[in-house]
Amino acid sequence: MNLFKAELHRIARRRLSLIFGICAVAGLLALTVIMWFNSSTGPSEADLAFAQSQADEVNARYEACADDEQFFEGHPEYGWVADDEWFKDMPHEQACSEVFWADARAEDFIYVYTFKFHEEGVVLLIGVGIVTGLLAMLLAASTIGAEWSSGGIANLLVWHPNRMRVWSAKLGAVVTVCALAVVAMLALAFGLLYLTAAVRGDTGTLDAPWWGDTSERLTRTGVLALGMTVLGSALAMLGRHTAIAGGVIVGYLTVGEMLVTFVRLGIDMRFPELLSVYTWIGAWIEGRVTLEHWNGLSELPETMVLTATDAGLLLGGIVLLFTALGTWSFAKRDIT
Amino acid sequence: MRQPHNALDGLDMEVAAGQVHGFLGPNGSGKTTTLRALLGLIATDGGAMRIFGEEVPKRLPHVTARVGAVVESPQFFKHFSGRLTLQLLAESVGVPPKRVDEVLEQVGLRDQAKQSVKGYSLGMRQRLAVGQALLKQPELLILDEPANGLDPAGIHHMRSLLQWLAHEQGVTVVVSSHLLSEVQLLCDSMTIVSRGRRIVDGRVADIIAGHSGSQLSVRFDDAGRIRDAVEALQAAGGGVTVTAEKERLLVTGAHEASWVTKTLADAGIYLSELTTETKNLESVFLELTGTTPQAGQPVQVGQTAAPVAAAEAALETATGGDRR
């Protein structure tokens, strides 16, 4: 317990933890500010007046055209209509309505976005959870990797020779930090986004089914973040360096998906989306994803359903595999 | 594929309690490997090791609380202060926080305790590492090259601290080092290893005395009498070896210096200076480990002058992993 608490304090006192914490909160505030200024409950008087003037201007041009049968003849800007085959046998009024907008209204010129919390809030919260998980994964990899590169592991083992106890304490500490960070970030994001919707948008009805569905998806997002953290730790333990773990993670997120795309193009596969980890992550969070395959002959596509259980088994298996390898490596390899 | 070699082979070493014991050897002779194996950081293919009578690394958890060690020059987390570095370690085993201040005082870092390790010199980091090992008030202190990076004042302070721990507090201190003069000043006993094997062990003074021999340097007012002196000493017998140099004679094998004086005086030759030359630890070490530089043979830094045949034999019988 002492070792676990000391590891928690070590993580809390690291400069990277502070930097990541500031970045996460700053990012969330930036998201809130964007939503705040983009969202609106309705047009203002000025917006309505401006939109009306725009509609009036368009209608005036149409009427000017409709009132003058010779409008297009020799017109410096629209003279081409008179020569165009398309308009040759068309009634004049119809030609005018084709060229100009007939019966324009003020609402056609009002662009208002209203942030609807009950519809979009959960998507943003899932995004916040995943980004927090990514940061926790990098922090975990760095925490373990820095111990290796600083020689701290050797010194720690001189104090605590039971390697499994050391590994458990470290893993427990990074997972705890990740869990706390995800809960704190989701709570903060929920509060800020709900406030934004209440003041500048529409909160909608947050009824029991909404809470049920949202809590399920957010719980799975939290579990995903914890899995990512464990994976980051295991990779750092396996590679014995932050850069190796970070390289694998960033490498997969960039080049890895590109390679998957090339493989998809090269092989004949009914559901190539299965090769992408993002498909499985989507199935895990959403609870259910339907993949479609159109063979060109039938009218209906062939489908494949991925459930959260399928995705959980695969993603959990990956995390478990790397954790087992990291554990074996730490238990058996010499500390040089 | 890399050839495996035996980093340690037949090393037999025993350290008595309450002493400062030096662990000497050329670079790559297996000092650090021995300490790491003792502390369970690397696995061995065979052999037995015991600390306080407990077999290690199997029973290491039972003796860890009594052992303080620094087996690597740690870099630490550079943004942490010296105090925080020690506090975290102390917290992990339940050592009370006031012990941190005591240790900082002991290793001379009290005034720099709040400074981040980033600003520490190599010597200060070394002292901080020793401070880590002292935190749990160990009965056995194992230090790998503790004088590395220390300035003369730091070395003096470290020497005083370790001797105080051993002689006043009863702590057994094992120090690996390549600084021979330091070992000579610091240690009560020592073990010299080369190529993973023990060459010699015992009290430092006894080892030096045992390999010193008696060599006398004799000078004359008139250097022209050197040839006469050689003839006189050789004619007198006594089993001595006499070597003439440009300005002096070197006599080895004489039981008493007075025998040389009398023999020369009987021959009508009067010396102006007679001194006994005692070997120091360096010359004993070079002789024992076979690292004495030979005229005309370039020697790399840290190279053990192993005979070719012996090196080949070691490779042929190798069974262990590739360790240094």
# chains A, B, ... in the order shown; residues from 1 in each chain; ligands from 1
>>> select_by_dssp(residues="segment 20-227 of chain B", states="strand (DSSP E or B)", output="ChimeraX atom specification")
/B:20-24,49-51,54-56,67-70,81,116,140-144,172-177,189-194,197-203,215-220
>>> write_last_selection(atoms="C-alpha atoms", output="mmCIF file, in the first residue's frame")
data_model
loop_
_atom_site.group_PDB
_atom_site.id
_atom_site.type_symbol
_atom_site.label_atom_id
_atom_site.label_comp_id
_atom_site.auth_asym_id
_atom_site.auth_seq_id
_atom_site.Cartn_x
_atom_site.Cartn_y
_atom_site.Cartn_z
ATOM 1 C CA VAL B 20 34.655 -1.474 4.964
ATOM 2 C CA HIS B 21 35.379 -4.012 2.271
ATOM 3 C CA GLY B 22 36.769 -2.972 -1.084
ATOM 4 C CA PHE B 23 35.806 -4.823 -4.232
ATOM 5 C CA LEU B 24 38.445 -4.188 -6.836
ATOM 6 C CA MET B 49 25.003 -16.271 -2.467
ATOM 7 C CA ARG B 50 24.043 -15.374 1.079
ATOM 8 C CA ILE B 51 23.350 -12.141 2.882
ATOM 9 C CA GLU B 54 19.917 -15.993 4.001
ATOM 10 C CA GLU B 55 20.148 -17.390 0.522
ATOM 11 C CA VAL B 56 19.666 -14.715 -2.112
ATOM 12 C CA VAL B 67 20.464 -3.798 3.037
ATOM 13 C CA GLY B 68 21.055 -0.421 1.427
ATOM 14 C CA ALA B 69 22.542 -0.364 -2.038
ATOM 15 C CA VAL B 70 23.420 1.808 -4.980
ATOM 16 C CA SER B 81 14.049 18.081 -5.597
ATOM 17 C CA SER B 116 15.757 20.254 -8.289
ATOM 18 C CA LEU B 140 24.857 -3.750 5.072
ATOM 19 C CA LEU B 141 25.641 -0.980 2.643
ATOM 20 C CA ILE B 142 26.589 -1.908 -0.921
ATOM 21 C CA LEU B 143 27.926 0.908 -3.081
ATOM 22 C CA ASP B 144 29.052 0.636 -6.671
ATOM 23 C CA THR B 172 29.161 -3.433 6.989
ATOM 24 C CA VAL B 173 30.151 -1.489 3.894
ATOM 25 C CA VAL B 174 31.009 -3.074 0.551
ATOM 26 C CA VAL B 175 32.469 -0.664 -1.957
ATOM 27 C CA SER B 176 33.347 -1.497 -5.516
ATOM 28 C CA SER B 177 35.871 0.872 -6.937
ATOM 29 C CA SER B 189 39.768 -5.485 3.734
ATOM 30 C CA MET B 190 39.332 -6.145 0.053
ATOM 31 C CA THR B 191 38.769 -8.660 -2.697
ATOM 32 C CA ILE B 192 40.455 -8.254 -6.049
ATOM 33 C CA VAL B 193 38.760 -9.874 -9.035
ATOM 34 C CA SER B 194 39.793 -10.251 -12.618
ATOM 35 C CA ARG B 197 37.457 -14.744 -10.684
ATOM 36 C CA ARG B 198 38.825 -13.843 -7.296
ATOM 37 C CA ILE B 199 42.535 -13.127 -7.420
ATOM 38 C CA VAL B 200 43.141 -12.343 -3.776
ATOM 39 C CA ASP B 201 41.319 -11.248 -0.654
ATOM 40 C CA GLY B 202 42.227 -10.234 2.886
ATOM 41 C CA ARG B 203 43.189 -7.158 4.845
ATOM 42 C CA GLN B 215 63.544 -3.711 -2.520
ATOM 43 C CA LEU B 216 66.316 -1.350 -1.494
ATOM 44 C CA SER B 217 67.455 1.675 -3.459
ATOM 45 C CA VAL B 218 71.155 2.533 -2.923
ATOM 46 C CA ARG B 219 72.867 5.734 -4.092
ATOM 47 C CA PHE B 220 76.478 6.884 -3.992
#
>>> interface_residues(of="chain A", to="chain B", cutoff="10 Å", atoms="only C-alpha atoms", output="ChimeraX atom specification")
/A:1-10,13-15,146-147,149-163,332-336
>>> residues_around(residues="Glu256 of chain B", least_positions_apart="3", cutoff="10 Å", atoms="only C-alpha atoms", output="list of chain:residue names")
B:Ser214, B:Leu216, B:Gly253, B:Trp259, B:Val260, B:Thr261
>>> atom_distance(atom1="atom CA of Thr196 of chain A", atom2="atom CA of Ile126 of chain A")
17.2 Å
>>> closest_residue(among="B:Lys262, B:Lys114, B:Lys246, B:Arg125", to="Ala232 of chain B", atoms="only C-alpha atoms")
B:Lys262
>>> closest_residue(among="A:Glu73, A:Leu306, A:Ala184, A:Ala46", to="Val25 of chain A", atoms="only C-alpha atoms")
A:Ala184
>>> select_by_dssp(residues="segment 157-273 of chain B", states="helix (DSSP H, G or I)", output="PyMOL selection string")
chain B and resi 157-167+180-186+204-210+223-235+257-266
>>> closest_residue(among="A:Thr290, A:Glu98, A:Trp211, A:Ser40", to="Glu302 of chain A", atoms="only C-alpha atoms")
A:Thr290
>>> residues_around(residues="Ala267 of chain B", least_positions_apart="5", cutoff="10 Å", atoms="only C-alpha atoms", output="JSON, numbers by chain")
{"B": [228, 229, 231, 232, 233, 236, 262]}
>>> write_last_selection(atoms="N, CA and C atoms", output="PDB file, in the first residue's frame")
ATOM      1  N   ASP B 228      81.489  -1.195  -8.964  1.00  0.00           N
ATOM      2  CA  ASP B 228      82.212  -1.859  -7.885  1.00  0.00           C
ATOM      3  C   ASP B 228      81.239  -2.415  -6.854  1.00  0.00           C
ATOM      4  N   ALA B 229      80.179  -1.636  -6.582  1.00  0.00           N
ATOM      5  CA  ALA B 229      79.197  -2.046  -5.591  1.00  0.00           C
ATOM      6  C   ALA B 229      78.459  -3.312  -6.040  1.00  0.00           C
ATOM      7  N   GLU B 231      79.584  -5.646  -7.998  1.00  0.00           N
ATOM      8  CA  GLU B 231      80.497  -6.792  -7.881  1.00  0.00           C
ATOM      9  C   GLU B 231      80.634  -7.215  -6.428  1.00  0.00           C
ATOM     10  N   ALA B 232      80.700  -6.227  -5.517  1.00  0.00           N
ATOM     11  CA  ALA B 232      80.882  -6.527  -4.095  1.00  0.00           C
ATOM     12  C   ALA B 232      79.665  -7.264  -3.536  1.00  0.00           C
ATOM     13  N   LEU B 233      78.484  -6.812  -3.884  1.00  0.00           N
ATOM     14  CA  LEU B 233      77.256  -7.436  -3.365  1.00  0.00           C
ATOM     15  C   LEU B 233      77.070  -8.837  -3.930  1.00  0.00           C
ATOM     16  N   ALA B 236      79.452 -11.250  -2.321  1.00  0.00           N
ATOM     17  CA  ALA B 236      79.107 -11.570  -0.924  1.00  0.00           C
ATOM     18  C   ALA B 236      78.021 -12.635  -0.831  1.00  0.00           C
ATOM     19  N   LYS B 262      76.866  -3.024   5.493  1.00  0.00           N
ATOM     20  CA  LYS B 262      78.110  -3.641   5.985  1.00  0.00           C
ATOM     21  C   LYS B 262      78.934  -4.207   4.839  1.00  0.00           C
TER      22      LYS B 262
END
>>> atom_distance(atom1="atom CA of Gly53 of chain B", atom2="atom CA of Glu14 of chain B")
11.4 Å
>>> residues_around(residues="segment 145-158 of chain B", least_positions_apart="2", cutoff="8 Å", atoms="only C-alpha atoms", output="PyMOL selection string")
chain B and resi 107+122-124+126-127+130+143+160-162+175-178
>>> atom_distance(atom1="atom CA of Leu288 of chain B", atom2="atom CA of Arg248 of chain B")
27.2 Å
>>> closest_residue(among="A:Met137, A:Met258, A:Ile144, A:Met90", to="Arg240 of chain A", atoms="only C-alpha atoms")
A:Ile144
>>> residues_around(residues="Glu45 of chain A", least_positions_apart="5", cutoff="12 Å", atoms="only C-alpha atoms", output="ChimeraX atom specification")
/A:50-52,106,110
